[in-house]
file work18.pdb (PDB, C-alpha atoms)
ATOM      1  CA  MET A   1     -45.530 -15.762  29.963  1.00  0.00           C
ATOM      2  CA  ARG A   2     -46.498 -19.193  28.708  1.00  0.00           C
ATOM      3  CA  LEU A   3     -43.863 -21.521  27.296  1.00  0.00           C
ATOM      4  CA  GLU A   4     -44.527 -24.086  24.636  1.00  0.00           C
ATOM      5  CA  ALA A   5     -43.915 -27.692  25.677  1.00  0.00           C
ATOM      6  CA  SER A   6     -41.053 -28.006  23.183  1.00  0.00           C
ATOM      7  CA  ALA A   7     -39.292 -25.032  24.816  1.00  0.00           C
ATOM      8  CA  LEU A   8     -39.178 -26.992  28.061  1.00  0.00           C
ATOM      9  CA  ASP A   9     -37.660 -30.093  26.437  1.00  0.00           C
ATOM     10  CA  MET A  10     -33.931 -30.506  26.950  1.00  0.00           C
ATOM     11  CA  ASP A  11     -30.949 -31.432  24.785  1.00  0.00           C
ATOM     12  CA  ALA A  12     -28.710 -32.792  27.577  1.00  0.00           C
ATOM     13  CA  ASP A  13     -25.672 -33.773  25.458  1.00  0.00           C
ATOM     14  CA  GLY A  14     -25.847 -30.993  22.841  1.00  0.00           C
ATOM     15  CA  ASN A  15     -26.322 -33.279  19.820  1.00  0.00           C
ATOM     16  CA  GLY A  16     -29.453 -31.466  18.624  1.00  0.00           C
ATOM     17  CA  ALA A  17     -31.895 -34.157  19.807  1.00  0.00           C
ATOM     18  CA  ASN A  18     -33.993 -33.592  22.895  1.00  0.00           C
ATOM     19  CA  GLU A  19     -33.403 -36.515  25.250  1.00  0.00           C
ATOM     20  CA  ARG A  20     -35.600 -35.084  27.995  1.00  0.00           C
ATOM     21  CA  LYS A  21     -39.292 -34.349  27.476  1.00  0.00           C
ATOM     22  CA  ARG A  22     -41.723 -32.588  29.714  1.00  0.00           C
ATOM     23  CA  LEU A  23     -44.294 -35.133  30.826  1.00  0.00           C
ATOM     24  CA  GLY A  24     -46.763 -33.102  32.823  1.00  0.00           C
ATOM     25  CA  GLN A  25     -47.540 -30.015  34.792  1.00  0.00           C
ATOM     26  CA  THR A  26     -47.799 -29.574  38.539  1.00  0.00           C
ATOM     27  CA  ILE A  27     -49.458 -26.533  40.067  1.00  0.00           C
ATOM     28  CA  VAL A  28     -47.715 -25.465  43.263  1.00  0.00           C
ATOM     29  CA  ARG A  29     -49.455 -22.974  45.551  1.00  0.00           C
ATOM     30  CA  PHE A  30     -48.530 -21.140  48.731  1.00  0.00           C
ATOM     31  CA  GLY A  31     -51.006 -22.258  51.365  1.00  0.00           C
ATOM     32  CA  ARG A  32     -51.865 -22.685  55.008  1.00  0.00           C
ATOM     33  CA  MET A  33     -54.276 -24.404  57.379  1.00  0.00           C
ATOM     34  CA  MET A  34     -56.615 -22.029  59.216  1.00  0.00           C
ATOM     35  CA  ALA A  35     -58.745 -22.800  62.273  1.00  0.00           C
ATOM     36  CA  GLU A  36     -61.774 -20.640  62.956  1.00  0.00           C
ATOM     37  CA  ARG A  37     -63.255 -19.435  66.251  1.00  0.00           C
ATOM     38  CA  ARG A  38     -66.803 -20.171  67.311  1.00  0.00           C
ATOM     39  CA  HIS A  39     -68.879 -19.096  70.304  1.00  0.00           C
ATOM     40  CA  GLN A  40     -72.084 -20.594  71.673  1.00  0.00           C
ATOM     41  CA  PHE A  41     -74.060 -18.528  74.174  1.00  0.00           C
ATOM     42  CA  LEU A  42     -75.769 -21.588  75.645  1.00  0.00           C
ATOM     43  CA  GLU A  43     -73.663 -24.180  77.466  1.00  0.00           C
ATOM     44  CA  THR A  44     -76.069 -26.900  76.327  1.00  0.00           C
ATOM     45  CA  GLU A  45     -75.376 -26.504  72.602  1.00  0.00           C
ATOM     46  CA  PRO A  46     -72.536 -28.215  70.683  1.00  0.00           C
ATOM     47  CA  ILE A  47     -70.100 -26.258  68.509  1.00  0.00           C
ATOM     48  CA  THR A  48     -68.853 -27.014  65.007  1.00  0.00           C
ATOM     49  CA  LEU A  49     -65.407 -25.530  64.426  1.00  0.00           C
ATOM     50  CA  PRO A  50     -64.127 -25.567  60.806  1.00  0.00           C
ATOM     51  CA  LEU A  51     -60.512 -26.176  59.819  1.00  0.00           C
ATOM     52  CA  LYS A  52     -59.774 -24.900  56.314  1.00  0.00           C
ATOM     53  CA  ALA A  53     -56.979 -25.557  53.845  1.00  0.00           C
ATOM     54  CA  GLN A  54     -56.326 -22.239  52.110  1.00  0.00           C
ATOM     55  CA  TYR A  55     -54.109 -20.977  49.290  1.00  0.00           C
ATOM     56  CA  TRP A  56     -52.900 -17.503  48.321  1.00  0.00           C
ATOM     57  CA  ASP A  57     -54.382 -16.339  45.014  1.00  0.00           C
ATOM     58  CA  GLY A  58     -52.200 -13.234  44.760  1.00  0.00           C
ATOM     59  CA  SER A  59     -54.398 -10.921  46.825  1.00  0.00           C
ATOM     60  CA  THR A  60     -56.150 -13.010  49.497  1.00  0.00           C
ATOM     61  CA  PHE A  61     -56.319 -16.482  51.008  1.00  0.00           C
ATOM     62  CA  LYS A  62     -59.088 -18.656  49.581  1.00  0.00           C
ATOM     63  CA  THR A  63     -60.426 -22.021  50.702  1.00  0.00           C
ATOM     64  CA  HIS A  64     -58.737 -24.725  48.643  1.00  0.00           C
ATOM     65  CA  ASP A  65     -61.916 -26.517  47.540  1.00  0.00           C
ATOM     66  CA  LEU A  66     -59.933 -29.122  45.575  1.00  0.00           C
ATOM     67  CA  ASP A  67     -58.351 -30.483  48.785  1.00  0.00           C
ATOM     68  CA  SER A  68     -60.192 -33.681  49.631  1.00  0.00           C
ATOM     69  CA  CYS A  69     -57.148 -35.712  50.652  1.00  0.00           C
ATOM     70  CA  THR A  70     -55.561 -33.984  53.677  1.00  0.00           C
ATOM     71  CA  THR A  71     -56.318 -36.092  56.752  1.00  0.00           C
ATOM     72  CA  LEU A  72     -56.094 -35.252  60.468  1.00  0.00           C
ATOM     73  CA  ASN A  73     -56.833 -37.803  63.168  1.00  0.00           C
ATOM     74  CA  THR A  74     -57.744 -37.119  66.795  1.00  0.00           C
ATOM     75  CA  ALA A  75     -54.184 -37.749  68.029  1.00  0.00           C
ATOM     76  CA  GLN A  76     -52.940 -34.922  65.748  1.00  0.00           C
ATOM     77  CA  LEU A  77     -55.395 -32.415  67.268  1.00  0.00           C
ATOM     78  CA  ARG A  78     -54.248 -30.891  70.567  1.00  0.00           C
ATOM     79  CA  LEU A  79     -56.992 -29.729  72.936  1.00  0.00           C
ATOM     80  CA  SER A  80     -56.154 -27.296  75.739  1.00  0.00           C
ATOM     81  CA  ASN A  81     -57.736 -24.793  78.129  1.00  0.00           C
ATOM     82  CA  ASN A  82     -57.164 -23.480  81.671  1.00  0.00           C
ATOM     83  CA  GLU A  83     -58.361 -26.701  83.348  1.00  0.00           C
ATOM     84  CA  GLU A  84     -56.314 -29.177  81.314  1.00  0.00           C
ATOM     85  CA  SER A  85     -53.709 -28.810  78.637  1.00  0.00           C
ATOM     86  CA  ASP A  86     -52.381 -30.841  75.739  1.00  0.00           C
ATOM     87  CA  GLN A  87     -55.014 -33.546  75.478  1.00  0.00           C
ATOM     88  CA  HIS A  88     -54.733 -35.778  72.408  1.00  0.00           C
ATOM     89  CA  ASP A  89     -57.455 -38.317  73.143  1.00  0.00           C
ATOM     90  CA  GLY A  90     -60.400 -36.265  71.858  1.00  0.00           C
ATOM     91  CA  SER A  91     -61.826 -35.189  75.223  1.00  0.00           C
ATOM     92  CA  ILE A  92     -61.160 -32.392  77.713  1.00  0.00           C
ATOM     93  CA  LEU A  93     -62.763 -30.922  80.841  1.00  0.00           C
ATOM     94  CA  VAL A  94     -64.714 -27.667  80.507  1.00  0.00           C
ATOM     95  CA  GLY A  95     -66.279 -26.357  83.699  1.00  0.00           C
ATOM     96  CA  GLY A  96     -65.558 -29.714  85.318  1.00  0.00           C
ATOM     97  CA  HIS A  97     -67.500 -31.618  82.634  1.00  0.00           C
ATOM     98  CA  THR A  98     -66.146 -33.610  79.705  1.00  0.00           C
ATOM     99  CA  VAL A  99     -66.344 -32.171  76.197  1.00  0.00           C
ATOM    100  CA  THR A 100     -65.613 -34.623  73.392  1.00  0.00           C
ATOM    101  CA  LEU A 101     -64.270 -33.996  69.911  1.00  0.00           C
ATOM    102  CA  SER A 102     -65.573 -35.762  66.807  1.00  0.00           C
ATOM    103  CA  GLY A 103     -65.299 -35.170  63.077  1.00  0.00           C
ATOM    104  CA  ALA A 104     -61.558 -35.757  62.648  1.00  0.00           C
ATOM    105  CA  GLY A 105     -60.768 -37.301  59.294  1.00  0.00           C
ATOM    106  CA  THR A 106     -60.309 -36.123  55.715  1.00  0.00           C
ATOM    107  CA  LEU A 107     -61.013 -32.613  54.485  1.00  0.00           C
ATOM    108  CA  ASN A 108     -63.995 -32.302  52.165  1.00  0.00           C
ATOM    109  CA  ASP A 109     -63.726 -29.466  49.622  1.00  0.00           C
ATOM    110  CA  GLY A 110     -60.948 -27.949  51.738  1.00  0.00           C
ATOM    111  CA  VAL A 111     -62.904 -27.994  55.023  1.00  0.00           C
ATOM    112  CA  LEU A 112     -62.874 -30.321  58.025  1.00  0.00           C
ATOM    113  CA  ASN A 113     -65.726 -29.644  60.469  1.00  0.00           C
ATOM    114  CA  LEU A 114     -64.724 -30.570  64.001  1.00  0.00           C
ATOM    115  CA  ASN A 115     -67.645 -31.110  66.361  1.00  0.00           C
ATOM    116  CA  LEU A 116     -67.388 -30.431  70.084  1.00  0.00           C
ATOM    117  CA  SER A 117     -70.062 -31.667  72.455  1.00  0.00           C
ATOM    118  CA  ALA A 118     -71.495 -29.164  74.926  1.00  0.00           C
ATOM    119  CA  PRO A 119     -70.540 -28.895  78.571  1.00  0.00           C
ATOM    120  CA  GLU A 120     -73.471 -29.011  80.972  1.00  0.00           C
ATOM    121  CA  GLN A 121     -75.855 -26.149  81.756  1.00  0.00           C
ATOM    122  CA  GLY A 122     -74.202 -23.401  83.767  1.00  0.00           C
ATOM    123  CA  HIS A 123     -70.639 -24.491  82.981  1.00  0.00           C
ATOM    124  CA  SER A 124     -69.043 -21.949  80.673  1.00  0.00           C
ATOM    125  CA  GLY A 125     -65.534 -22.255  79.320  1.00  0.00           C
ATOM    126  CA  PHE A 126     -63.448 -22.730  76.206  1.00  0.00           C
ATOM    127  CA  VAL A 127     -61.335 -25.224  74.290  1.00  0.00           C
ATOM    128  CA  ASP A 128     -58.367 -24.308  72.105  1.00  0.00           C
ATOM    129  CA  ILE A 129     -57.854 -26.727  69.207  1.00  0.00           C
ATOM    130  CA  THR A 130     -54.453 -26.861  67.529  1.00  0.00           C
ATOM    131  CA  PRO A 131     -53.813 -29.177  64.571  1.00  0.00           C
ATOM    132  CA  GLU A 132     -50.213 -30.355  65.008  1.00  0.00           C
ATOM    133  CA  LEU A 133     -49.220 -30.112  61.360  1.00  0.00           C
ATOM    134  CA  GLY A 134     -45.626 -31.217  61.887  1.00  0.00           C
ATOM    135  CA  ALA A 135     -46.763 -34.439  63.602  1.00  0.00           C
ATOM    136  CA  ALA A 136     -49.363 -34.917  60.859  1.00  0.00           C
ATOM    137  CA  ALA A 137     -46.605 -34.638  58.202  1.00  0.00           C
ATOM    138  CA  TYR A 138     -48.069 -31.404  56.735  1.00  0.00           C
ATOM    139  CA  PRO A 139     -45.425 -28.823  57.729  1.00  0.00           C
ATOM    140  CA  TRP A 140     -46.068 -26.861  54.502  1.00  0.00           C
ATOM    141  CA  LEU A 141     -49.511 -25.915  55.876  1.00  0.00           C
ATOM    142  CA  ARG A 142     -47.975 -24.003  58.788  1.00  0.00           C
ATOM    143  CA  TYR A 143     -48.116 -20.200  58.686  1.00  0.00           C
ATOM    144  CA  ASP A 144     -46.568 -17.156  60.381  1.00  0.00           C
ATOM    145  CA  TRP A 145     -49.432 -16.739  62.873  1.00  0.00           C
ATOM    146  CA  ASP A 146     -47.256 -14.935  65.450  1.00  0.00           C
ATOM    147  CA  GLY A 147     -45.795 -12.448  62.938  1.00  0.00           C
ATOM    148  CA  ASP A 148     -42.112 -13.252  63.621  1.00  0.00           C
ATOM    149  CA  GLY A 149     -41.277 -13.886  59.947  1.00  0.00           C
ATOM    150  CA  ASP A 150     -41.064 -17.685  60.243  1.00  0.00           C
ATOM    151  CA  HIS A 151     -43.784 -19.896  58.808  1.00  0.00           C
ATOM    152  CA  ASP A 152     -43.505 -22.400  61.650  1.00  0.00           C
ATOM    153  CA  ASP A 153     -46.771 -21.942  63.568  1.00  0.00           C
ATOM    154  CA  ASP A 154     -49.680 -24.333  63.769  1.00  0.00           C
ATOM    155  CA  PRO A 155     -53.118 -22.677  63.594  1.00  0.00           C
ATOM    156  CA  LYS A 156     -55.244 -22.413  66.721  1.00  0.00           C
ATOM    157  CA  GLY A 157     -59.029 -22.268  66.850  1.00  0.00           C
ATOM    158  CA  ARG A 158     -61.161 -21.616  69.904  1.00  0.00           C
ATOM    159  CA  ALA A 159     -64.604 -22.899  70.814  1.00  0.00           C
ATOM    160  CA  SER A 160     -66.233 -21.159  73.775  1.00  0.00           C
ATOM    161  CA  TRP A 161     -69.512 -21.562  75.632  1.00  0.00           C
ATOM    162  CA  GLY A 162     -71.512 -19.025  77.631  1.00  0.00           C
ATOM    163  CA  MET A 163     -68.642 -16.741  78.511  1.00  0.00           C
ATOM    164  CA  TYR A 164     -70.101 -13.510  77.120  1.00  0.00           C
ATOM    165  CA  ARG A 165     -73.757 -13.893  77.875  1.00  0.00           C
ATOM    166  CA  GLY A 166     -73.979 -11.267  80.590  1.00  0.00           C
ATOM    167  CA  ASN A 167     -76.288 -11.203  83.592  1.00  0.00           C
ATOM    168  CA  LYS A 168     -79.160 -13.666  83.160  1.00  0.00           C
ATOM    169  CA  ASN A 169     -81.391 -11.483  85.384  1.00  0.00           C
ATOM    170  CA  VAL A 170     -81.319  -8.571  82.901  1.00  0.00           C
ATOM    171  CA  ILE A 171     -84.083  -8.862  80.306  1.00  0.00           C
ATOM    172  CA  TYR A 172     -83.437  -5.642  78.380  1.00  0.00           C
ATOM    173  CA  LEU A 173     -80.613  -3.117  78.617  1.00  0.00           C
ATOM    174  CA  ARG A 174     -80.527   0.211  76.827  1.00  0.00           C
ATOM    175  CA  GLU A 175     -77.839   2.839  77.063  1.00  0.00           C
ATOM    176  CA  ARG A 176     -78.829   6.474  76.838  1.00  0.00           C
ATOM    177  CA  TRP A 177     -76.601   8.778  74.813  1.00  0.00           C
ATOM    178  CA  ASN A 178     -76.946  12.540  75.172  1.00  0.00           C
TER     179      ASN A 178
END

call {"tool": "encode", "arguments": {"input": "work18.pdb", "output": "C-alpha cells"}}
result
Amino acid sequence: MRLEASALDMDADGNGANERKRLGQTIVRFGRMMAERRHQFLETEPITLPLKAQYWDGSTFKTHDLDSCTTLNTAQLRLSNNEESDQHDGSILVGGHTVTLSGAGTLNDGVLNLNLSAPEQGHSGFVDITPELGAAAYPWLRYDWDGDGDHDDDPKGRASWGMYRGNKNVIYLRERWN
C-alpha cells in the first residue's frame, strides 16, 4: 500500500491546517555483516577474505551494493587461531610464522576484501577473523549466527592454508567401486 504525501502530513492541534509535513523518505532494511571462508592449498599463497554487508530482500540475503560508507579498521578486526588468540594489531602467528592483515578500511559496493599474507612453505594453519561490530559502533550488523534467537553475534570468517592437501607423495589416487 502506498500512501500519498498529504496522507502522512499531520494536523497536530486539530484546527484543519497541517502543521507537520513529511520532508523525506528513509529506507530501512534488515541486514547483517557476513564474513566468508577461504582456503589456499599452498602455504606460499596469500588469501583474500571478503566481508560483505548484506540485507534481507524478503527471501534471501543480498550484498548491499549501495554500502560504500561502513568502515572497519585493523583494531576492530580480531584475529585468532590455536597458536595465538585475540590479536588486534593486524598480525598473528601461523605455523610459527607471522601472517599480516591488510585491506581494512571502507566497504566498496558492500564488500571489504581483507588480504592475509601467506605463512612460509610447509607451515599450514588457519586464522579466524571476527569484525567486532559492537566496538566498531555497528551493532545493527550483528546476526544470530549461533541460532539462539538473539541477534548479538559478530560474524567469523576463516582463512586456512595447506590443511587439506593430503599426502604430497601421492600423485594420483583412484577409488574402485564395485

call {"tool": "resolve_selection", "arguments": {"input": "work18.pdb", "expression": "the PyMOL selection byres ((chain A and resi 118-124) around 7)", "output": "number ranges by chain"}}
result
A: 43-46, 94-95, 97-99, 116-117, 125, 161-163

call {"tool": "resolve_selection", "arguments": {"input": "work18.pdb", "expression": "the PyMOL selection byres ((chain A and resi 114) around 7)", "output": "mmCIF file with C-alpha atoms, keeping the file's coordinate frame"}}
result
data_model
loop_
_atom_site.group_PDB
_atom_site.id
_atom_site.type_symbol
_atom_site.label_atom_id
_atom_site.label_comp_id
_atom_site.auth_asym_id
_atom_site.auth_seq_id
_atom_site.Cartn_x
_atom_site.Cartn_y
_atom_site.Cartn_z
ATOM 1 C CA THR A 48 -68.853 -27.014 65.007
ATOM 2 C CA LEU A 49 -65.407 -25.530 64.426
ATOM 3 C CA PRO A 50 -64.127 -25.567 60.806
ATOM 4 C CA LEU A 101 -64.270 -33.996 69.911
ATOM 5 C CA SER A 102 -65.573 -35.762 66.807
ATOM 6 C CA GLY A 103 -65.299 -35.170 63.077
ATOM 7 C CA ALA A 104 -61.558 -35.757 62.648
ATOM 8 C CA LEU A 112 -62.874 -30.321 58.025
ATOM 9 C CA ASN A 113 -65.726 -29.644 60.469
ATOM 10 C CA ASN A 115 -67.645 -31.110 66.361
ATOM 11 C CA LEU A 116 -67.388 -30.431 70.084
#

call {"tool": "residues_near_point", "arguments": {"input": "work18.pdb", "point": "(-49.6, -32.6, 55.2)", "cutoff": "10 Å", "atoms": "all atoms listed in the file", "output": "PyMOL selection string"}}
result
chain A and resi 33+69-72+133-142

call {"tool": "residues_around", "arguments": {"input": "work18.pdb", "residues": "Lys62 in chain A", "least_positions_apart": "2", "cutoff": "12 Å", "atoms": "only C-alpha atoms", "output": "ChimeraX atom specification"}}
result
/A:29-34,52-60,64-67,109-111

call {"tool": "atom_distance", "arguments": {"input": "work18.pdb", "atom1": "CA of Val127 in chain A", "atom2": "CA of Ala159 in chain A"}}
result
5.3 Å

call {"tool": "atom_distance", "arguments": {"input": "work18.pdb", "atom1": "CA of Ser68 in chain A", "atom2": "CA of Thr106 in chain A"}}
result
6.6 Å

call {"tool": "atom_distance", "arguments": {"input": "work18.pdb", "atom1": "CA of Asp128 in chain A", "atom2": "CA of Ser80 in chain A"}}
result
5.2 Å

call {"tool": "closest_residue", "arguments": {"input": "work18.pdb", "among": "A:Gln25, A:Thr130, A:Gln87, A:Asn82", "to": "Arg158 in chain A", "atoms": "all atoms listed in the file"}}
result
A:Thr130

call {"tool": "closest_residue", "arguments": {"input": "work18.pdb", "among": "A:Asp153, A:Asp13, A:Glu132, A:Asp144", "to": "Asp86 in chain A", "atoms": "all atoms listed in the file"}}
result
A:Glu132

call {"tool": "closest_residue", "arguments": {"input": "work18.pdb", "among": "A:Asn81, A:Thr100, A:Ser160, A:Asn108", "to": "Leu51 in chain A", "atoms": "all atoms listed in the file"}}
result
A:Asn108

call {"tool": "closest_residue", "arguments": {"input": "work18.pdb", "among": "A:Leu107, A:Leu42, A:Leu77, A:Val28", "to": "Lys156 in chain A", "atoms": "all atoms listed in the file"}}
result
A:Leu77

call {"tool": "closest_residue", "arguments": {"input": "work18.pdb", "among": "A:Gly147, A:Gly16, A:Gly105, A:Gly157", "to": "Leu79 in chain A", "atoms": "only C-alpha atoms"}}
result
A:Gly157

call {"tool": "decode", "arguments": {"input": "work18.pdb", "residues": "range 30-125 of chain A", "atoms": "C-alpha atoms", "output": "compact mmCIF listing (two decimals), in the first residue's frame"}}
result
# COMPACT_ATOMS: atom_id res chain seq x y z
CA PHE A 30 17.15 -5.67 7.98
CA GLY A 31 20.80 -6.51 7.43
CA ARG A 32 23.95 -8.18 8.65
CA MET A 33 27.70 -8.37 8.10
CA MET A 34 28.90 -11.71 6.73
CA ALA A 35 32.48 -13.00 6.64
CA GLU A 36 33.37 -15.68 4.12
CA ARG A 37 35.74 -18.64 4.40
CA ARG A 38 38.66 -19.17 2.07
CA HIS A 39 41.21 -21.97 1.71
CA GLN A 40 44.56 -21.96 -0.06
CA PHE A 41 46.20 -25.32 -0.74
CA LEU A 42 49.67 -23.80 -0.96
CA GLU A 43 51.20 -22.21 2.14
CA THR A 44 53.07 -19.75 -0.08
CA GLU A 45 49.97 -18.04 -1.48
CA PRO A 46 48.10 -15.13 0.17
CA ILE A 47 44.35 -15.24 0.81
CA THR A 48 41.72 -12.59 0.16
CA LEU A 49 38.78 -12.95 2.54
CA PRO A 50 35.68 -10.83 1.75
CA LEU A 51 33.47 -9.20 4.37
CA LYS A 52 30.04 -8.34 2.99
CA ALA A 53 27.27 -6.04 4.17
CA GLN A 54 24.02 -7.82 3.33
CA TYR A 55 20.30 -7.05 3.55
CA TRP A 56 17.20 -9.26 3.55
CA ASP A 57 15.10 -8.78 0.42
CA GLY A 58 12.19 -10.89 1.67
CA SER A 59 13.51 -14.27 0.54
CA THR A 60 17.32 -14.19 0.76
CA PHE A 61 20.25 -12.08 1.91
CA LYS A 62 21.83 -9.99 -0.84
CA THR A 63 25.04 -7.97 -0.89
CA HIS A 64 24.18 -4.35 -0.13
CA ASP A 65 25.99 -2.82 -3.12
CA LEU A 66 25.00 0.72 -2.08
CA ASP A 67 27.09 0.48 1.12
CA SER A 68 30.28 2.41 0.48
CA CYS A 69 30.48 4.11 3.87
CA THR A 70 30.83 1.37 6.52
CA THR A 71 34.42 1.42 7.79
CA LEU A 72 36.40 -1.16 9.77
CA ASN A 73 39.96 -0.54 10.93
CA THR A 74 42.54 -3.14 11.94
CA ALA A 75 41.89 -2.64 15.67
CA GLN A 76 38.22 -3.63 15.12
CA LEU A 77 39.20 -6.93 13.46
CA ARG A 78 40.07 -9.72 15.91
CA LEU A 79 42.48 -12.38 14.66
CA SER A 80 42.70 -15.73 16.46
CA ASN A 81 43.83 -19.33 15.99
CA ASN A 82 45.27 -22.16 18.11
CA GLU A 83 48.71 -20.53 18.45
CA GLU A 84 47.57 -17.05 19.49
CA SER A 85 44.22 -15.54 20.24
CA ASP A 86 42.62 -12.11 20.16
CA GLN A 87 45.20 -10.15 18.20
CA HIS A 88 44.13 -6.65 17.18
CA ASP A 89 47.35 -5.36 15.64
CA GLY A 90 46.91 -6.92 12.19
CA SER A 91 49.37 -9.80 12.58
CA ILE A 92 49.27 -13.32 14.01
CA LEU A 93 51.45 -16.44 14.06
CA VAL A 94 50.52 -19.33 11.77
CA GLY A 95 52.81 -22.34 11.91
CA GLY A 96 55.30 -20.24 13.85
CA HIS A 97 55.46 -17.58 11.10
CA THR A 98 53.81 -14.17 11.02
CA VAL A 99 50.77 -13.60 8.83
CA THR A 100 49.76 -9.97 8.35
CA LEU A 101 46.37 -8.47 7.59
CA SER A 102 45.84 -5.61 5.15
CA GLY A 103 42.84 -4.14 3.36
CA ALA A 104 40.95 -2.79 6.37
CA GLY A 105 39.06 0.37 5.53
CA THR A 106 35.77 1.31 3.89
CA LEU A 107 33.45 -1.13 2.14
CA ASN A 108 33.23 -0.70 -1.62
CA ASP A 109 29.88 -1.72 -3.13
CA GLY A 110 29.11 -3.62 0.08
CA VAL A 111 32.37 -5.60 0.14
CA LEU A 112 35.62 -5.19 2.07
CA ASN A 113 38.39 -7.51 0.83
CA LEU A 114 40.78 -8.38 3.64
CA ASN A 115 44.16 -9.64 2.48
CA LEU A 116 46.22 -12.09 4.52
CA SER A 117 49.85 -12.73 3.68
CA ALA A 118 50.96 -16.35 3.38
CA PRO A 119 52.82 -18.29 6.04
CA GLU A 120 56.01 -19.93 4.83
CA GLN A 121 56.27 -23.14 2.80
CA GLY A 122 55.36 -26.20 4.83
CA HIS A 123 53.58 -24.28 7.59
CA SER A 124 49.86 -24.95 7.36
CA GLY A 125 47.30 -23.40 9.66
